[in-house]
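Text of the file run.tsv, holding TSV, C-alpha atoms:
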chain	number	residue	atom	x	y	z
D	9	GLN	CA	16.00	14.18	-19.64
D	10	HIS	CA	13.02	13.31	-17.56
D	11	PRO	CA	12.84	11.31	-14.34
D	12	ARG	CA	11.40	7.87	-14.95
D	13	ALA	CA	8.35	7.34	-12.84
D	14	ALA	CA	8.36	3.74	-13.91
D	15	SER	CA	4.83	2.62	-13.19
D	16	GLU	CA	1.13	2.88	-12.95
D	17	GLY	CA	0.45	5.88	-15.08
D	18	PHE	CA	2.29	8.53	-13.12
D	19	ARG	CA	3.19	10.35	-16.26
D	20	ILE	CA	5.90	12.94	-15.90
D	21	GLU	CA	4.15	15.36	-18.21
D	22	ASN	CA	1.02	15.22	-16.10
D	23	MET	CA	3.02	15.60	-12.92
D	24	GLN	CA	4.87	18.59	-14.28
D	25	ALA	CA	1.61	20.21	-15.31
D	26	ALA	CA	-0.05	19.46	-11.97
D	27	ALA	CA	2.97	20.77	-10.08
D	28	GLY	CA	3.08	23.88	-12.19
D	29	VAL	CA	6.73	23.48	-13.11
D	30	GLY	CA	8.56	23.65	-16.40
D	31	ASP	CA	11.52	21.50	-17.39
D	32	LEU	CA	13.70	20.53	-14.44
D	33	ASP	CA	17.46	20.94	-14.26
D	34	ARG	CA	19.61	17.82	-13.97
D	35	LYS	CA	20.04	18.07	-10.21
D	36	SER	CA	16.28	18.31	-9.68
D	37	VAL	CA	15.71	15.40	-12.04
D	38	LYS	CA	18.03	13.23	-9.96
D	39	GLU	CA	16.37	14.38	-6.77
D	40	VAL	CA	12.88	13.50	-7.99
D	41	GLN	CA	14.11	10.22	-9.49
D	42	SER	CA	15.69	9.21	-6.21
D	43	PHE	CA	12.54	10.14	-4.30
D	44	ILE	CA	10.34	8.13	-6.65
D	45	GLU	CA	12.61	5.08	-6.36
D	46	HIS	CA	12.42	5.29	-2.59
D	47	GLN	CA	8.65	5.65	-2.65
D	48	GLN	CA	8.38	2.63	-4.90
D	49	GLN	CA	10.36	0.54	-2.47
D	50	ILE	CA	7.92	1.55	0.25
D	51	GLN	CA	5.08	0.74	-2.12
D	52	GLN	CA	6.40	-2.75	-2.77
D	53	ILE	CA	6.41	-3.50	0.93
D	54	GLN	CA	2.94	-2.03	1.22
D	55	ALA	CA	1.80	-4.33	-1.58
D	56	VAL	CA	3.12	-7.41	0.21
D	57	VAL	CA	1.39	-6.37	3.42
D	58	GLY	CA	-1.80	-5.87	1.43
D	59	LYS	CA	-1.58	-9.28	-0.17
D	60	ILE	CA	-0.95	-11.05	3.13
D	61	THR	CA	-3.77	-9.09	4.73
D	62	GLU	CA	-6.19	-10.35	2.09
D	63	LEU	CA	-5.15	-13.96	2.49
D	64	CYS	CA	-5.06	-13.93	6.28
D	65	TRP	CA	-8.32	-12.03	6.58
D	66	ASP	CA	-10.02	-14.80	4.63
D	67	LYS	CA	-8.43	-17.46	6.80
D	68	CYS	CA	-8.75	-15.85	10.20
D	69	VAL	CA	-11.75	-13.56	10.41
D	70	SER	CA	-15.12	-15.15	9.84
D	71	LYS	CA	-17.39	-12.58	11.44
D	72	PRO	CA	-16.11	-9.04	12.05
D	73	GLY	CA	-16.88	-7.71	15.55
D	74	LYS	CA	-16.15	-4.58	17.55
D	75	ASP	CA	-12.50	-5.59	17.91
D	76	LEU	CA	-10.25	-8.33	16.64
D	77	THR	CA	-10.39	-11.18	19.17
D	78	GLU	CA	-7.16	-12.56	20.66
D	79	SER	CA	-7.75	-15.71	18.67
D	80	GLU	CA	-8.08	-13.73	15.44
D	81	LYS	CA	-4.97	-11.71	16.23
D	82	ASN	CA	-2.92	-14.86	16.87
D	83	CYS	CA	-4.24	-16.40	13.69
D	84	ILE	CA	-3.35	-13.32	11.64
D	85	ALA	CA	0.15	-13.07	13.09
D	86	ASN	CA	0.83	-16.78	12.54
D	87	CYS	CA	-0.69	-16.66	9.11
D	88	SER	CA	1.61	-13.79	8.13
D	89	GLU	CA	4.73	-15.57	9.36
D	90	ARG	CA	3.73	-18.85	7.70
D	91	PHE	CA	3.09	-17.05	4.43
D	92	LEU	CA	6.61	-15.66	4.44
D	93	ASP	CA	8.03	-19.07	5.38
D	94	THR	CA	6.12	-20.58	2.47
D	95	SER	CA	7.31	-17.92	0.11
D	96	MET	CA	10.96	-18.48	0.99
D	97	PHE	CA	10.53	-22.25	0.85
D	98	VAL	CA	8.93	-22.18	-2.58
D	99	VAL	CA	11.54	-19.86	-4.03
D	100	ASN	CA	14.35	-22.07	-2.77
D	101	ARG	CA	12.73	-25.27	-3.93
D	102	ILE	CA	12.03	-23.98	-7.41
D	103	GLN	CA	15.55	-22.64	-7.73
D	104	ASN	CA	17.00	-25.98	-6.64
D	105	LYS	CA	14.83	-27.93	-9.07
D	106	HIS	CA	15.85	-25.57	-11.80
D	107	LYS	CA	19.52	-26.04	-11.05
D	108	ALA	CA	19.24	-29.80	-10.77
D	109	GLY	CA	16.84	-30.68	-13.55
D	110	GLY	CA	17.02	-27.71	-15.87
D	111	GLN	CA	13.29	-26.98	-15.97
G	10	ASP	CA	-7.74	15.49	-7.66
G	11	THR	CA	-5.54	17.73	-9.76
G	12	SER	CA	-7.53	20.91	-9.21
G	13	GLY	CA	-5.44	23.98	-8.48
G	14	GLU	CA	-7.54	25.06	-5.51
G	15	LEU	CA	-5.31	25.84	-2.57
G	16	THR	CA	-5.83	27.59	0.73
G	17	PRO	CA	-3.90	30.83	1.30
G	18	GLU	CA	-1.54	28.91	3.60
G	19	GLN	CA	-0.94	26.32	0.93
G	20	HIS	CA	-0.25	29.03	-1.61
G	21	VAL	CA	2.42	30.50	0.64
G	22	ALA	CA	3.94	27.10	1.36
G	23	ARG	CA	3.91	26.22	-2.34
G	24	ALA	CA	5.61	29.43	-3.34
G	25	THR	CA	8.66	28.59	-1.26
G	26	LEU	CA	9.05	24.99	-2.52
G	27	SER	CA	11.64	24.05	-5.07
G	28	GLN	CA	10.55	22.63	-8.40
G	29	ALA	CA	11.70	19.21	-7.27
G	30	ASP	CA	9.68	19.53	-4.07
G	31	LYS	CA	6.58	20.39	-6.06
G	32	MET	CA	7.06	17.33	-8.26
G	33	LYS	CA	7.52	15.15	-5.21
G	34	GLN	CA	4.35	16.55	-3.68
G	35	VAL	CA	2.34	15.78	-6.79
G	36	TYR	CA	3.75	12.28	-7.01
G	37	GLN	CA	3.05	11.62	-3.35
G	38	LYS	CA	-0.52	12.82	-3.72
G	39	GLN	CA	-1.16	10.67	-6.78
G	40	LEU	CA	0.35	7.68	-5.00
G	41	ALA	CA	-1.81	8.20	-1.93
G	42	SER	CA	-4.89	8.59	-4.06
G	43	LYS	CA	-4.21	5.35	-5.90
G	44	TYR	CA	-3.47	3.55	-2.65
G	45	LEU	CA	-6.75	4.65	-1.08
G	46	ASN	CA	-8.71	3.67	-4.18
G	47	ASP	CA	-7.16	0.21	-4.23
G	48	LEU	CA	-7.74	-0.25	-0.52
G	49	ALA	CA	-11.37	0.85	-0.75
G	50	SER	CA	-11.90	-1.55	-3.63
G	51	THR	CA	-10.47	-4.49	-1.69
G	52	VAL	CA	-12.34	-3.70	1.53
G	53	THR	CA	-15.60	-3.31	-0.39
G	54	ASP	CA	-15.17	-6.74	-1.98
G	55	LYS	CA	-14.25	-8.41	1.30
G	56	CYS	CA	-16.98	-6.79	3.36
G	57	PHE	CA	-19.65	-7.34	0.80
G	58	LEU	CA	-18.85	-11.03	0.93
G	59	LYS	CA	-18.88	-11.07	4.72
G	60	CYS	CA	-21.90	-8.89	5.31
G	61	ALA	CA	-24.40	-9.33	2.52
G	62	GLN	CA	-26.55	-12.13	3.87
G	63	ASP	CA	-30.00	-13.10	2.68
G	64	GLY	CA	-30.13	-10.10	0.40
G	65	MET	CA	-29.74	-7.65	3.31
G	66	LEU	CA	-26.85	-5.25	3.81
G	67	ASP	CA	-26.42	-3.08	6.89
G	68	THR	CA	-24.36	-0.02	6.04
G	69	SER	CA	-25.10	1.91	9.25
G	70	ASP	CA	-22.25	3.18	11.40
G	71	GLN	CA	-22.67	0.32	13.85
G	72	GLY	CA	-23.39	-2.33	11.26
G	73	CYS	CA	-21.48	-5.22	9.79
G	74	SER	CA	-19.98	-3.11	7.00
G	75	ALA	CA	-18.55	-0.59	9.46
G	76	MET	CA	-17.11	-3.26	11.75
G	77	CYS	CA	-15.77	-5.19	8.81
G	78	CYS	CA	-14.06	-2.14	7.37
G	79	ASP	CA	-12.49	-1.25	10.72
G	80	ARG	CA	-11.39	-4.84	11.44
G	81	TYR	CA	-9.87	-5.15	8.01
G	82	LEU	CA	-7.77	-2.06	8.65
G	83	ASP	CA	-6.83	-3.52	12.06
G	84	THR	CA	-5.73	-6.68	10.25
G	85	PHE	CA	-3.64	-4.68	7.81
G	86	GLU	CA	-1.92	-2.91	10.68
G	87	LEU	CA	-1.30	-6.18	12.51
G	88	VAL	CA	0.23	-7.78	9.43
G	89	ARG	CA	2.45	-4.73	8.92
G	90	ARG	CA	3.66	-4.88	12.53
G	91	THR	CA	4.26	-8.63	12.33
G	92	LEU	CA	6.39	-8.23	9.22
G	93	GLN	CA	8.29	-5.37	10.76
G	94	THR	CA	9.10	-7.37	13.89
G	95	ARG	CA	10.12	-10.38	11.81
G	96	ASN	CA	12.38	-8.23	9.72
G	97	ARG	CA	14.22	-7.07	12.82
G	98	ARG	CA	14.99	-10.57	14.03
With the file now loaded, output its structure as structure tokens.
Amino acid sequence: QHPRAASEGFRIENMQAAAGVGDLDRKSVKEVQSFIEHQQQIQQIQAVVGKITELCWDKCVSKPGKDLTESEKNCIANCSERFLDTSMFVVNRIQNKHKAGGQ
Amino acid sequence: DTSGELTPEQHVARATLSQADKMKQVYQKQLASKYLNDLASTVTDKCFLKCAQDGMLDTSDQGCSAMCCDRYLDTFELVRRTLQTRNRR
């Protein structure tokens, strides 16, 4: 039984070879599995931050300088919050439409 | 980078790790590597668009590309902090 590294080409066989280990016992498998799951949760958050950064950079920073200006910082912070508001709003609205109209 | 070249200190540290720890280390390293590659790719795209004007591109340490790269990372950090604060509310 091998831990399932579920994504993006982190193949267990390659990891085992790179780590210089043979087959793992069940306890170790669970330990690595749990670690990977935790890391992937962190990664998901990182991905959201990355996505918002891209969007808000485009909206808020026209000409990069030696520091972010106060105006740019406010814009980025607001942009981030508004993105999350939008995301929640859209999810709710689509779910409600789906319930009501069966789309 | 999956080369087996380690410093003497790393060899000693490695020798005392469990098999699971070694796997975790490899995974972490691969993850970090992918993350940096993705980030570099994004920043390159963004900063090329912002900085390549009239067919000129300043890639000096004080130039547009450097400032753009640094400001983008600042933006990333600001977004992260904003989300963290929001999450606590």
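Residue nearest chain D, chosen from G:Leu26, G:Val35, G:Met65, G:Leu58 and counting only C-alpha atoms: G:Val35.
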>> Given the point (12.4, 23.7, -7.0) in the coordinates of this file, which residues lie within 12 Å, counting only C-alpha atoms, and how would they look as a ChimeraX atom specification?
In response: /D:24,27-37,39-40 /G:23-34
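When only C-alpha atoms are used to measure the gap to chain D, the shortest distance among G:Phe57, G:Thr16, G:Phe85, G:Ala41 belongs to G:Phe85.
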> Please, which residues of chain D lie no more than 8 Å from chain G when the count uses only C-alpha atoms, and can they be set out as a ChimeraX atom specification?
Replying inline: /D:18,23-24,26-29,32,36-37,39-40,43-44,57-58,60-61,65,70-76,81,84-85,88-89
What would the file look like if the residues just selected were written as a PDB file, in the frame of the given file with C-alpha atoms?
ATOM      1  CA  PHE D  18       2.290   8.530 -13.120  1.00  0.00           C
ATOM      2  CA  MET D  23       3.020  15.600 -12.920  1.00  0.00           C
ATOM      3  CA  GLN D  24       4.870  18.590 -14.280  1.00  0.00           C
ATOM      4  CA  ALA D  26      -0.050  19.460 -11.970  1.00  0.00           C
ATOM      5  CA  ALA D  27       2.970  20.770 -10.080  1.00  0.00           C
ATOM      6  CA  GLY D  28       3.080  23.880 -12.190  1.00  0.00           C
ATOM      7  CA  VAL D  29       6.730  23.480 -13.110  1.00  0.00           C
ATOM      8  CA  LEU D  32      13.700  20.530 -14.440  1.00  0.00           C
ATOM      9  CA  SER D  36      16.280  18.310  -9.680  1.00  0.00           C
ATOM     10  CA  VAL D  37      15.710  15.400 -12.040  1.00  0.00           C
ATOM     11  CA  GLU D  39      16.370  14.380  -6.770  1.00  0.00           C
ATOM     12  CA  VAL D  40      12.880  13.500  -7.990  1.00  0.00           C
ATOM     13  CA  PHE D  43      12.540  10.140  -4.300  1.00  0.00           C
ATOM     14  CA  ILE D  44      10.340   8.130  -6.650  1.00  0.00           C
ATOM     15  CA  VAL D  57       1.390  -6.370   3.420  1.00  0.00           C
ATOM     16  CA  GLY D  58      -1.800  -5.870   1.430  1.00  0.00           C
ATOM     17  CA  ILE D  60      -0.950 -11.050   3.130  1.00  0.00           C
ATOM     18  CA  THR D  61      -3.770  -9.090   4.730  1.00  0.00           C
ATOM     19  CA  TRP D  65      -8.320 -12.030   6.580  1.00  0.00           C
ATOM     20  CA  SER D  70     -15.120 -15.150   9.840  1.00  0.00           C
ATOM     21  CA  LYS D  71     -17.390 -12.580  11.440  1.00  0.00           C
ATOM     22  CA  PRO D  72     -16.110  -9.040  12.050  1.00  0.00           C
ATOM     23  CA  GLY D  73     -16.880  -7.710  15.550  1.00  0.00           C
ATOM     24  CA  LYS D  74     -16.150  -4.580  17.550  1.00  0.00           C
ATOM     25  CA  ASP D  75     -12.500  -5.590  17.910  1.00  0.00           C
ATOM     26  CA  LEU D  76     -10.250  -8.330  16.640  1.00  0.00           C
ATOM     27  CA  LYS D  81      -4.970 -11.710  16.230  1.00  0.00           C
ATOM     28  CA  ILE D  84      -3.350 -13.320  11.640  1.00  0.00           C
ATOM     29  CA  ALA D  85       0.150 -13.070  13.090  1.00  0.00           C
ATOM     30  CA  SER D  88       1.610 -13.790   8.130  1.00  0.00           C
ATOM     31  CA  GLU D  89       4.730 -15.570   9.360  1.00  0.00           C
TER      32      GLU D  89
END
